[in-house]
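Below is one structure, written out as structure tokens; comments come after it.
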2 protein chains.
Amino acid sequence: MFRPEIKVIDCTVRDGGLMNKWQFDDKFVRAVYQGLTAAGVDYMEIGYLSSESAFSRDEVGPWKFCAEDDLLRIIGDSEKKIKFSVMADIGRIDHHDILPKKESVLDMVRVACYVHQIDKAIALAHHCEDKGYETTINLMAVSTVGPRELEEGLDDLAKSRVPIIYLVDSFGAFYQEDIELLAKKYLERLPGKTIGIHAHNNQQLAFANTISSVICGINYLDATLYGMGRGAGNCPTELLLSFLKNPKFDVRPLIKVIEEEILPWREKIDWGYFIPYMVGGVMNQHPRAAMACMESDKKNQITEFYDQMTSAASGI
Amino acid sequence: MFRPEIKVIDCTVRDGGLMNKWQFDDKFVRAVYQGLTAAGVDYMEIGYLSSESAFSRDEVGPWKFCAEDDLLRIIGDSEKKIKFSVMADIGRIDHHDILPKKESVLDMVRVACYVHQIDKAIALAHHCEDKGYETTINLMAVSTVGPRELEEGLDDLAKSRVPIIYLVDSFGAFYQEDIELLAKKYLERLPGKTIGIHAHNNQQLAFANTISSVICGINYLDATLYGMGRGAGNCPTELLLSFLKNPKFDVRPLIKVIEEEILPWREKIDWGYFIPYMVGGVMNQHPRAAMACMESDKKNQITEFYDQMTSAASGI
């Protein structure tokens, strides 16, 4: 599948950072940066854009802030050929703390929001656009949003100046039939806009759902190296590039980064297909309960977890 | 997706046994048997049907043979509600060693073959049918078969009495677009027959491709608990049952068996998503090279493996 409009955004540092509070050293981030560049990936999402007052550097690593000095240290003397994106969470970034584009090496700000925050997200995205950045709005947890509310939200987004809107399967709950229905709805309700996909892998469908998205006309594709990301993780970048067959892509540099930098993390952090994440995906639940289970000494007591989740659901 | 014609065949012991030479103890096999029965799964593929002269019991466990005594020991005093299937490899089973159905607790014999073995497979399957068994033919490695050869093979299968023909993605190489094309071809060329799917997970697409198969009209679905199977493994049974929404299915007994019997094996055997298997899938190669890499002390030297595979391919 080769379509020149398709762009790949690797979110390894940003989404993977949710598993280790962005405690990646410079060697890791630089290797990812160089590997993605050599592979021809379009964007590297290097972290979150947050104000220093919102979090303590004692608790979280530099990629929760993406301060200019930290970014410049990664680039070093190299010529920056890949675009940098960051994610902004509403309420965690003071508008005044965002530098004008011409003073920053960042290229794109992606605003993540829930459906009730769409107005705030548009305001923040417009602010970033006015400062010179490319922008997207990533509407999270859409698997829990009813059809009327979703259509109203999409209509608000349609009226905005934000050019790229993301379909986000936060809970890894969607089957390809859901993707097809929602991709059609997004494309219809958001005329002239580009649509993106961010999928989670709770049901081993992140890559498959990304392929379905491509077939449906979605052009911005999120992925992470070896699927590294919160909980079950994401669509693996190496699989996505292999599928896309665009001659600008080269998978080999990704394999090298995975060998040198991702496999050692895989020894320390459990992302991927585990039954608690799978149960969360099937039940369309936020991964926090599954993550708590996975971080506890009851990680393998999956029947107990299943019973808790299903009895909680039937108690509603 | 609920369609009464759909049958689920769990192949944990048969396909998982390819990873440990069928060295499962009775406790394991009985737990799988009881769990699948409680979950409402239609068939349990308990192993291979081989003649005792073909392999040594010093090397392989009992589920390489599926002798009647071994099967009866698993059933014990319970009322057998699930059907048993076995896989037969051409040349590994003497026709005379197959008991008449009325002397066996087996219900179905599935004949695995490559495209050049179709005539032999039909002969063996007819022999089993004449002895009273349900039968299928599972045409392996179809991702390497050219269109003329495939159509000739399907035409031969169409003329046989074998009622169920399997589409097998032996190398985990297919995308959903391939599945759609092939499912259509199988259904057209095999009028009146039921089609099955057996998918491998090299590209994390085994479950997704099984869903695509269901949507295309395929009704016999192979899966294994927690995806346990050769190399990258298979479509996970727990995901498949969760998707199917047939009220006869209950996922909980599967979670319990995974907790008690599969997770301990997961500590000892590496099946699932690993880069060598992924590279094999992308390159449409037999998993033997990836398995050799995974069993060696170079398991994590994935760039070297990638270079070997790609240079071998370009040398053809």
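The chains in the structure tokens are called A, B, ... from first to last as shown; in each chain the residues are counted from 1, and the ligands are counted from 1 in the order shown.
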Counting only C-alpha atoms, which residues in chain A sit no more than 9 Å from chain B? For each one, give the nearest pair of atoms and the distance in Å, sorted by chain then residue number, as CSV.
residue,atom,partner,partner_atom,distance
A:Tyr175,CA,B:Ala208,CA,8.2
A:Gln176,CA,B:Ala208,CA,7.9
A:Gln203,CA,B:Leu239,CA,6.7
A:Gln204,CA,B:Gln204,CA,6.2
A:Leu205,CA,B:Ala208,CA,6.3
A:Ala206,CA,B:Gln204,CA,8.6
A:Phe207,CA,B:Gln204,CA,7.1
A:Ala208,CA,B:Ala208,CA,6.0
A:Asn209,CA,B:Ala208,CA,8.3
A:Ile211,CA,B:Gln176,CA,8.4
A:Ser212,CA,B:Gln176,CA,8.5
A:Tyr226,CA,B:Ile275,CA,8.3
A:Glu238,CA,B:Met278,CA,9.0
A:Leu239,CA,B:Gln203,CA,6.7
A:Ser242,CA,B:Val282,CA,6.9
A:Phe243,CA,B:Val282,CA,8.1
A:Arg252,CA,B:Thr303,CA,7.2
A:Pro253,CA,B:Thr303,CA,8.6
A:Ile255,CA,B:Thr303,CA,5.8
A:Lys256,CA,B:Thr303,CA,5.5
A:Ile258,CA,B:Ile302,CA,8.4
A:Glu259,CA,B:Ile302,CA,6.2
A:Leu263,CA,B:Asn300,CA,7.8
A:Tyr273,CA,B:Tyr226,CA,9.0
A:Phe274,CA,B:Tyr226,CA,8.8
A:Ile275,CA,B:Ile255,CA,7.8
A:Met278,CA,B:Leu239,CA,7.8
A:Val282,CA,B:Ser242,CA,6.9
A:Asn300,CA,B:Glu259,CA,6.5
A:Gln301,CA,B:Glu259,CA,6.7
A:Ile302,CA,B:Glu259,CA,6.2
A:Thr303,CA,B:Lys256,CA,5.5
A:Tyr306,CA,B:Arg252,CA,7.5
A:Asp307,CA,B:Arg252,CA,8.2
Post-fit chain B coords, all in-order Cα pairs vs chain A, as an mmCIF file with C-alpha atoms, in the first residue's frame:
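In the end it all went to superposed.cif:
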data_model
loop_
_atom_site.group_PDB
_atom_site.id
_atom_site.type_symbol
_atom_site.label_atom_id
_atom_site.label_comp_id
_atom_site.auth_asym_id
_atom_site.auth_seq_id
_atom_site.Cartn_x
_atom_site.Cartn_y
_atom_site.Cartn_z
ATOM 1 C CA MET B 1 -0.001 -0.004 -0.018
ATOM 2 C CA PHE B 2 1.782 3.148 -1.228
ATOM 3 C CA ARG B 3 -0.015 6.488 -1.099
ATOM 4 C CA PRO B 4 2.121 9.624 -1.011
ATOM 5 C CA GLU B 5 -0.201 11.375 1.461
ATOM 6 C CA ILE B 6 0.530 8.747 4.137
ATOM 7 C CA LYS B 7 2.673 9.933 7.040
ATOM 8 C CA VAL B 8 4.021 7.754 9.825
ATOM 9 C CA ILE B 9 4.389 9.208 13.337
ATOM 10 C CA ASP B 10 6.555 7.146 15.659
ATOM 11 C CA CYS B 11 5.478 7.710 19.282
ATOM 12 C CA THR B 12 7.981 5.414 21.020
ATOM 13 C CA VAL B 13 9.367 8.009 23.413
ATOM 14 C CA ARG B 14 6.007 9.680 24.112
ATOM 15 C CA ASP B 15 3.756 6.618 24.472
ATOM 16 C CA GLY B 16 6.505 4.302 25.740
ATOM 17 C CA GLY B 17 7.327 6.989 28.299
ATOM 18 C CA LEU B 18 3.923 6.403 29.892
ATOM 19 C CA MET B 19 5.431 3.113 31.124
ATOM 20 C CA ASN B 20 8.558 4.576 32.764
ATOM 21 C CA LYS B 21 7.655 8.238 33.454
ATOM 22 C CA TRP B 22 9.800 9.315 30.467
ATOM 23 C CA GLN B 23 12.981 8.194 32.200
ATOM 24 C CA PHE B 24 14.874 7.578 28.960
ATOM 25 C CA ASP B 25 18.501 8.617 28.855
ATOM 26 C CA ASP B 26 19.892 10.676 25.984
ATOM 27 C CA LYS B 27 21.554 7.638 24.404
ATOM 28 C CA PHE B 28 18.153 5.968 24.018
ATOM 29 C CA VAL B 29 16.379 9.018 22.626
ATOM 30 C CA ARG B 30 19.258 9.815 20.258
ATOM 31 C CA ALA B 31 19.309 6.230 18.954
ATOM 32 C CA VAL B 32 15.555 6.368 18.321
ATOM 33 C CA TYR B 33 15.963 9.763 16.626
ATOM 34 C CA GLN B 34 18.762 8.533 14.373
ATOM 35 C CA GLY B 35 17.043 5.226 13.626
ATOM 36 C CA LEU B 36 13.726 6.814 12.695
ATOM 37 C CA THR B 37 15.528 9.376 10.543
ATOM 38 C CA ALA B 38 17.472 6.669 8.701
ATOM 39 C CA ALA B 39 14.268 4.650 8.250
ATOM 40 C CA GLY B 40 12.524 7.583 6.573
ATOM 41 C CA VAL B 41 9.807 7.928 9.213
ATOM 42 C CA ASP B 42 8.002 11.263 8.845
ATOM 43 C CA TYR B 43 7.552 12.362 12.475
ATOM 44 C CA MET B 44 9.098 11.473 15.810
ATOM 45 C CA GLU B 45 6.810 12.212 18.745
ATOM 46 C CA ILE B 46 9.428 12.878 21.357
ATOM 47 C CA GLY B 47 7.248 13.520 24.386
ATOM 48 C CA TYR B 48 4.698 15.739 26.045
ATOM 49 C CA LEU B 49 4.690 19.514 26.069
ATOM 50 C CA SER B 50 4.062 20.439 29.704
ATOM 51 C CA SER B 51 4.796 23.487 31.797
ATOM 52 C CA GLU B 52 7.560 22.975 34.338
ATOM 53 C CA SER B 53 5.068 23.989 37.043
ATOM 54 C CA ALA B 54 2.771 21.054 36.170
ATOM 55 C CA PHE B 55 5.180 18.234 37.083
ATOM 56 C CA SER B 56 8.336 17.770 39.112
ATOM 57 C CA ARG B 57 11.565 16.794 37.375
ATOM 58 C CA ASP B 58 12.284 14.666 40.439
ATOM 59 C CA GLU B 59 9.461 12.389 39.334
ATOM 60 C CA VAL B 60 9.369 12.519 35.559
ATOM 61 C CA GLY B 61 12.077 12.569 32.946
ATOM 62 C CA PRO B 62 12.765 15.365 30.439
ATOM 63 C CA TRP B 63 10.384 14.051 27.767
ATOM 64 C CA LYS B 64 7.403 15.052 29.875
ATOM 65 C CA PHE B 65 8.400 18.665 29.133
ATOM 66 C CA CYS B 66 10.320 18.676 25.845
ATOM 67 C CA ALA B 67 12.272 21.771 26.802
ATOM 68 C CA GLU B 68 14.252 23.291 23.952
ATOM 69 C CA ASP B 69 17.651 22.538 25.544
ATOM 70 C CA ASP B 70 16.796 18.867 25.916
ATOM 71 C CA LEU B 71 15.656 18.661 22.307
ATOM 72 C CA LEU B 72 18.785 20.408 21.022
ATOM 73 C CA ARG B 73 21.004 18.000 22.950
ATOM 74 C CA ILE B 74 19.413 15.069 21.090
ATOM 75 C CA ILE B 75 19.860 16.652 17.684
ATOM 76 C CA GLY B 76 23.484 17.593 18.427
ATOM 77 C CA ASP B 77 25.430 18.411 15.295
ATOM 78 C CA SER B 78 23.246 16.360 12.991
ATOM 79 C CA GLU B 79 21.077 17.923 10.343
ATOM 80 C CA LYS B 80 17.500 17.385 11.542
ATOM 81 C CA LYS B 81 15.610 15.677 8.726
ATOM 82 C CA ILE B 82 12.702 14.179 10.677
ATOM 83 C CA LYS B 83 9.911 16.336 12.064
ATOM 84 C CA PHE B 84 9.375 16.476 15.835
ATOM 85 C CA SER B 85 5.933 16.293 17.284
ATOM 86 C CA VAL B 86 4.852 16.624 20.910
ATOM 87 C CA MET B 87 1.596 15.876 22.645
ATOM 88 C CA ALA B 88 -0.098 18.543 24.737
ATOM 89 C CA ASP B 89 -2.586 17.652 27.473
ATOM 90 C CA ILE B 90 -5.173 20.274 28.282
ATOM 91 C CA GLY B 91 -4.472 21.876 31.659
ATOM 92 C CA ARG B 92 -0.843 20.730 31.767
ATOM 93 C CA ILE B 93 0.565 23.437 29.526
ATOM 94 C CA ASP B 94 0.297 27.182 30.017
ATOM 95 C CA HIS B 95 -0.284 28.808 26.625
ATOM 96 C CA HIS B 96 2.380 31.398 27.422
ATOM 97 C CA ASP B 97 5.001 28.683 27.912
ATOM 98 C CA ILE B 98 4.779 27.649 24.268
ATOM 99 C CA LEU B 99 7.590 29.201 22.247
ATOM 100 C CA PRO B 100 6.942 30.670 18.832
ATOM 101 C CA LYS B 101 7.773 28.071 16.165
ATOM 102 C CA LYS B 102 10.774 30.102 14.936
ATOM 103 C CA GLU B 103 12.396 29.711 18.375
ATOM 104 C CA SER B 104 11.780 25.967 18.588
ATOM 105 C CA VAL B 105 12.911 22.784 16.843
ATOM 106 C CA LEU B 106 9.421 21.359 17.312
ATOM 107 C CA ASP B 107 7.276 21.060 14.206
ATOM 108 C CA MET B 108 3.911 19.776 15.373
ATOM 109 C CA VAL B 109 1.785 19.982 18.502
ATOM 110 C CA ARG B 110 -0.882 17.310 18.932
ATOM 111 C CA VAL B 111 -3.618 18.179 21.391
ATOM 112 C CA ALA B 112 -5.110 15.171 23.179
ATOM 113 C CA CYS B 113 -8.624 15.594 24.547
ATOM 114 C CA TYR B 114 -11.747 13.813 25.653
ATOM 115 C CA VAL B 115 -15.002 14.657 23.929
ATOM 116 C CA HIS B 116 -16.099 17.120 26.621
ATOM 117 C CA GLN B 117 -12.834 19.045 26.169
ATOM 118 C CA ILE B 118 -13.137 19.689 22.443
ATOM 119 C CA ASP B 119 -13.632 23.449 22.809
ATOM 120 C CA LYS B 120 -10.545 23.763 24.992
ATOM 121 C CA ALA B 121 -8.601 21.564 22.597
ATOM 122 C CA ILE B 122 -9.552 23.730 19.625
ATOM 123 C CA ALA B 123 -8.497 26.858 21.542
ATOM 124 C CA LEU B 124 -5.106 25.326 22.402
ATOM 125 C CA ALA B 125 -4.562 24.005 18.889
ATOM 126 C CA HIS B 126 -5.468 27.373 17.340
ATOM 127 C CA HIS B 127 -3.037 29.033 19.748
ATOM 128 C CA CYS B 128 -0.272 26.645 18.580
ATOM 129 C CA GLU B 129 -1.177 27.188 14.960
ATOM 130 C CA ASP B 130 -0.991 30.945 15.441
ATOM 131 C CA LYS B 131 2.481 30.429 16.866
ATOM 132 C CA GLY B 132 3.469 28.655 13.645
ATOM 133 C CA TYR B 133 3.130 24.936 14.429
ATOM 134 C CA GLU B 134 1.433 22.153 12.561
ATOM 135 C CA THR B 135 -1.413 20.902 14.751
ATOM 136 C CA THR B 136 -3.692 17.946 15.286
ATOM 137 C CA ILE B 137 -6.462 17.150 17.728
ATOM 138 C CA ASN B 138 -6.505 13.569 19.011
ATOM 139 C CA LEU B 139 -9.963 12.715 20.306
ATOM 140 C CA MET B 140 -9.364 9.997 22.896
ATOM 141 C CA ALA B 141 -11.508 7.138 24.160
ATOM 142 C CA VAL B 142 -13.997 7.468 21.323
ATOM 143 C CA SER B 143 -15.085 3.872 21.995
ATOM 144 C CA THR B 144 -16.981 5.243 25.008
ATOM 145 C CA VAL B 145 -18.661 8.171 23.216
ATOM 146 C CA GLY B 146 -22.266 7.893 22.110
ATOM 147 C CA PRO B 147 -23.239 8.651 18.500
ATOM 148 C CA ARG B 148 -24.982 11.995 19.160
ATOM 149 C CA GLU B 149 -22.134 13.347 21.262
ATOM 150 C CA LEU B 150 -19.561 12.149 18.736
ATOM 151 C CA GLU B 151 -21.322 13.801 15.804
ATOM 152 C CA GLU B 152 -21.633 17.083 17.693
ATOM 153 C CA GLY B 153 -17.944 16.899 18.586
ATOM 154 C CA LEU B 154 -16.944 16.180 15.014
ATOM 155 C CA ASP B 155 -19.080 19.074 13.804
ATOM 156 C CA ASP B 156 -17.226 21.399 16.209
ATOM 157 C CA LEU B 157 -13.893 20.071 14.956
ATOM 158 C CA ALA B 158 -15.059 20.548 11.353
ATOM 159 C CA LYS B 159 -15.549 24.266 12.010
ATOM 160 C CA SER B 160 -12.043 24.650 13.503
ATOM 161 C CA ARG B 161 -8.864 25.518 11.622
ATOM 162 C CA VAL B 162 -7.175 22.336 12.875
ATOM 163 C CA PRO B 163 -6.238 20.389 9.731
ATOM 164 C CA ILE B 164 -5.673 16.890 11.150
ATOM 165 C CA ILE B 165 -8.055 14.999 13.453
ATOM 166 C CA TYR B 166 -7.152 11.666 15.031
ATOM 167 C CA LEU B 167 -9.339 8.650 15.620
ATOM 168 C CA VAL B 168 -7.955 7.182 18.869
ATOM 169 C CA ASP B 169 -8.680 3.670 20.129
ATOM 170 C CA SER B 170 -7.479 4.428 23.659
ATOM 171 C CA PHE B 171 -8.679 1.150 25.127
ATOM 172 C CA GLY B 172 -7.783 -1.192 22.263
ATOM 173 C CA ALA B 173 -11.457 -2.071 22.030
ATOM 174 C CA PHE B 174 -12.143 -1.644 18.310
ATOM 175 C CA TYR B 175 -12.541 -4.369 15.716
ATOM 176 C CA GLN B 176 -11.941 -3.568 12.067
ATOM 177 C CA GLU B 177 -15.693 -3.183 11.583
ATOM 178 C CA ASP B 178 -15.661 -0.328 14.119
ATOM 179 C CA ILE B 179 -12.711 1.279 12.376
ATOM 180 C CA GLU B 180 -14.489 1.139 9.026
ATOM 181 C CA LEU B 181 -17.642 2.689 10.446
ATOM 182 C CA LEU B 182 -15.777 5.438 12.320
ATOM 183 C CA ALA B 183 -13.316 6.229 9.541
ATOM 184 C CA LYS B 184 -16.303 6.752 7.225
ATOM 185 C CA LYS B 185 -17.984 8.989 9.799
ATOM 186 C CA TYR B 186 -14.852 11.070 10.418
ATOM 187 C CA LEU B 187 -14.229 11.526 6.698
ATOM 188 C CA GLU B 188 -17.847 12.547 6.082
ATOM 189 C CA ARG B 189 -18.169 14.906 9.052
ATOM 190 C CA LEU B 190 -14.728 16.486 8.635
ATOM 191 C CA PRO B 191 -14.654 17.525 4.973
ATOM 192 C CA GLY B 192 -11.261 18.711 3.751
ATOM 193 C CA LYS B 193 -9.461 17.496 6.854
ATOM 194 C CA THR B 194 -6.852 14.766 7.121
ATOM 195 C CA ILE B 195 -7.653 11.885 9.468
ATOM 196 C CA GLY B 196 -5.162 10.025 11.645
ATOM 197 C CA ILE B 197 -5.283 6.745 13.601
ATOM 198 C CA HIS B 198 -3.766 5.869 16.976
ATOM 199 C CA ALA B 199 -4.495 2.250 17.907
ATOM 200 C CA HIS B 200 -3.763 0.188 21.008
ATOM 201 C CA ASN B 201 -2.928 -3.478 20.953
ATOM 202 C CA ASN B 202 -5.048 -4.989 23.754
ATOM 203 C CA GLN B 203 -6.669 -7.410 21.317
ATOM 204 C CA GLN B 204 -3.638 -7.741 19.006
ATOM 205 C CA LEU B 205 -5.470 -5.536 16.530
ATOM 206 C CA ALA B 206 -3.419 -2.314 16.544
ATOM 207 C CA PHE B 207 -1.575 -3.142 13.305
ATOM 208 C CA ALA B 208 -4.636 -4.691 11.662
ATOM 209 C CA ASN B 209 -6.791 -1.692 12.581
ATOM 210 C CA THR B 210 -4.118 0.636 11.212
ATOM 211 C CA ILE B 211 -4.181 -1.296 7.924
ATOM 212 C CA SER B 212 -7.994 -1.055 7.894
ATOM 213 C CA SER B 213 -7.632 2.689 8.467
ATOM 214 C CA VAL B 214 -5.282 3.040 5.505
ATOM 215 C CA ILE B 215 -7.735 1.158 3.299
ATOM 216 C CA CYS B 216 -10.521 3.522 4.466
ATOM 217 C CA GLY B 217 -8.537 6.658 3.551
ATOM 218 C CA ILE B 218 -6.832 7.565 6.837
ATOM 219 C CA ASN B 219 -3.413 9.057 6.151
ATOM 220 C CA TYR B 220 -1.650 9.835 9.461
ATOM 221 C CA LEU B 221 -0.534 6.630 11.148
ATOM 222 C CA ASP B 222 0.811 6.340 14.689
ATOM 223 C CA ALA B 223 3.136 3.514 15.655
ATOM 224 C CA THR B 224 5.903 2.683 18.123
ATOM 225 C CA LEU B 225 9.059 0.583 17.886
ATOM 226 C CA TYR B 226 8.317 -3.041 18.821
ATOM 227 C CA GLY B 227 4.892 -1.733 19.867
ATOM 228 C CA MET B 228 6.360 -0.110 23.009
ATOM 229 C CA GLY B 229 3.642 1.884 24.724
ATOM 230 C CA ARG B 230 1.250 2.044 27.600
ATOM 231 C CA GLY B 231 -0.277 -1.271 28.605
ATOM 232 C CA ALA B 232 -0.678 -3.522 25.606
ATOM 233 C CA GLY B 233 1.231 -1.018 23.514
ATOM 234 C CA ASN B 234 0.717 0.142 19.963
ATOM 235 C CA CYS B 235 0.982 -0.705 16.298
ATOM 236 C CA PRO B 236 4.644 -1.709 15.761
ATOM 237 C CA THR B 237 6.468 0.723 13.484
ATOM 238 C CA GLU B 238 8.538 -2.067 11.917
ATOM 239 C CA LEU B 239 5.384 -3.917 10.838
ATOM 240 C CA LEU B 240 3.745 -0.769 9.520
ATOM 241 C CA LEU B 241 6.722 0.240 7.367
ATOM 242 C CA SER B 242 6.994 -3.326 6.049
ATOM 243 C CA PHE B 243 3.349 -3.175 4.991
ATOM 244 C CA LEU B 244 3.465 0.281 3.428
ATOM 245 C CA LYS B 245 6.029 -0.606 0.748
ATOM 246 C CA ASN B 246 6.846 3.072 0.217
ATOM 247 C CA PRO B 247 10.384 3.156 -1.231
ATOM 248 C CA LYS B 248 11.279 6.040 1.078
ATOM 249 C CA PHE B 249 11.080 3.660 4.056
ATOM 250 C CA ASP B 250 13.842 1.307 5.209
ATOM 251 C CA VAL B 251 13.063 -1.152 8.009
ATOM 252 C CA ARG B 252 16.643 -2.117 8.818
ATOM 253 C CA PRO B 253 17.529 0.932 10.980
ATOM 254 C CA LEU B 254 14.453 0.174 13.082
ATOM 255 C CA ILE B 255 15.560 -3.431 13.658
ATOM 256 C CA LYS B 256 18.930 -2.092 14.812
ATOM 257 C CA VAL B 257 17.372 0.338 17.316
ATOM 258 C CA ILE B 258 15.065 -2.381 18.597
ATOM 259 C CA GLU B 259 18.062 -4.661 19.126
ATOM 260 C CA GLU B 260 20.195 -2.061 20.850
ATOM 261 C CA GLU B 261 17.704 0.042 22.804
ATOM 262 C CA ILE B 262 14.229 -1.490 22.921
ATOM 263 C CA LEU B 263 15.006 -5.128 23.803
ATOM 264 C CA PRO B 264 16.828 -4.072 27.005
ATOM 265 C CA TRP B 265 13.719 -2.110 28.069
ATOM 266 C CA ARG B 266 11.583 -5.144 27.218
ATOM 267 C CA GLU B 267 13.458 -6.994 29.954
ATOM 268 C CA LYS B 268 12.421 -4.335 32.450
ATOM 269 C CA ILE B 269 8.899 -3.288 31.416
ATOM 270 C CA ASP B 270 5.928 -5.450 30.447
ATOM 271 C CA TRP B 271 4.091 -4.012 27.507
ATOM 272 C CA GLY B 272 2.358 -6.189 24.928
ATOM 273 C CA TYR B 273 -0.209 -8.960 24.959
ATOM 274 C CA PHE B 274 -1.096 -9.917 28.512
ATOM 275 C CA ILE B 275 -4.470 -11.218 29.652
ATOM 276 C CA PRO B 276 -5.304 -8.238 31.939
ATOM 277 C CA TYR B 277 -4.843 -5.843 29.005
ATOM 278 C CA MET B 278 -6.812 -8.182 26.746
ATOM 279 C CA VAL B 279 -9.700 -8.274 29.251
ATOM 280 C CA GLY B 280 -9.655 -4.467 29.435
ATOM 281 C CA GLY B 281 -9.775 -4.231 25.641
ATOM 282 C CA VAL B 282 -12.637 -6.699 25.290
ATOM 283 C CA MET B 283 -14.542 -4.840 28.025
ATOM 284 C CA ASN B 284 -13.750 -1.376 26.602
ATOM 285 C CA GLN B 285 -12.166 -0.195 29.831
ATOM 286 C CA HIS B 286 -9.411 2.295 30.641
ATOM 287 C CA PRO B 287 -6.143 0.323 31.116
ATOM 288 C CA ARG B 288 -5.614 1.621 34.647
ATOM 289 C CA ALA B 289 -7.080 -1.475 36.340
ATOM 290 C CA ALA B 290 -5.029 -3.787 34.107
ATOM 291 C CA MET B 291 -1.871 -1.740 34.711
ATOM 292 C CA ALA B 292 -2.420 -1.888 38.479
ATOM 293 C CA CYS B 293 -2.792 -5.677 38.210
ATOM 294 C CA MET B 294 0.336 -5.973 36.040
ATOM 295 C CA GLU B 295 2.368 -3.866 38.480
ATOM 296 C CA SER B 296 1.228 -5.886 41.494
ATOM 297 C CA ASP B 297 2.361 -9.286 42.696
ATOM 298 C CA LYS B 298 -0.954 -10.614 41.359
ATOM 299 C CA LYS B 299 0.173 -10.149 37.750
ATOM 300 C CA ASN B 300 -0.457 -13.801 36.922
ATOM 301 C CA GLN B 301 -3.714 -14.136 38.882
ATOM 302 C CA ILE B 302 -5.676 -13.443 35.762
ATOM 303 C CA THR B 303 -8.824 -15.384 36.668
ATOM 304 C CA GLU B 304 -9.254 -13.212 39.779
ATOM 305 C CA PHE B 305 -8.747 -10.110 37.624
ATOM 306 C CA TYR B 306 -11.278 -11.372 35.083
ATOM 307 C CA ASP B 307 -13.830 -12.019 37.838
ATOM 308 C CA GLN B 308 -13.315 -8.566 39.335
ATOM 309 C CA MET B 309 -13.730 -6.848 35.981
ATOM 310 C CA THR B 310 -16.799 -8.817 34.950
ATOM 311 C CA SER B 311 -18.522 -8.528 38.325
ATOM 312 C CA ALA B 312 -17.827 -4.775 38.383
ATOM 313 C CA ALA B 313 -19.351 -4.497 34.895
ATOM 314 C CA SER B 314 -22.456 -6.483 35.810
ATOM 315 C CA GLY B 315 -22.881 -4.334 38.938
ATOM 316 C CA ILE B 316 -23.431 -1.156 36.922
#
- [ ] Within range 37-186 of chain A, find each residue whose DSSP state, derived from the backbone, is strand (DSSP E or B), and express the selection as a ChimeraX atom specification.
- [x] /A:43-48,83-89,108-113,134-139,164-169
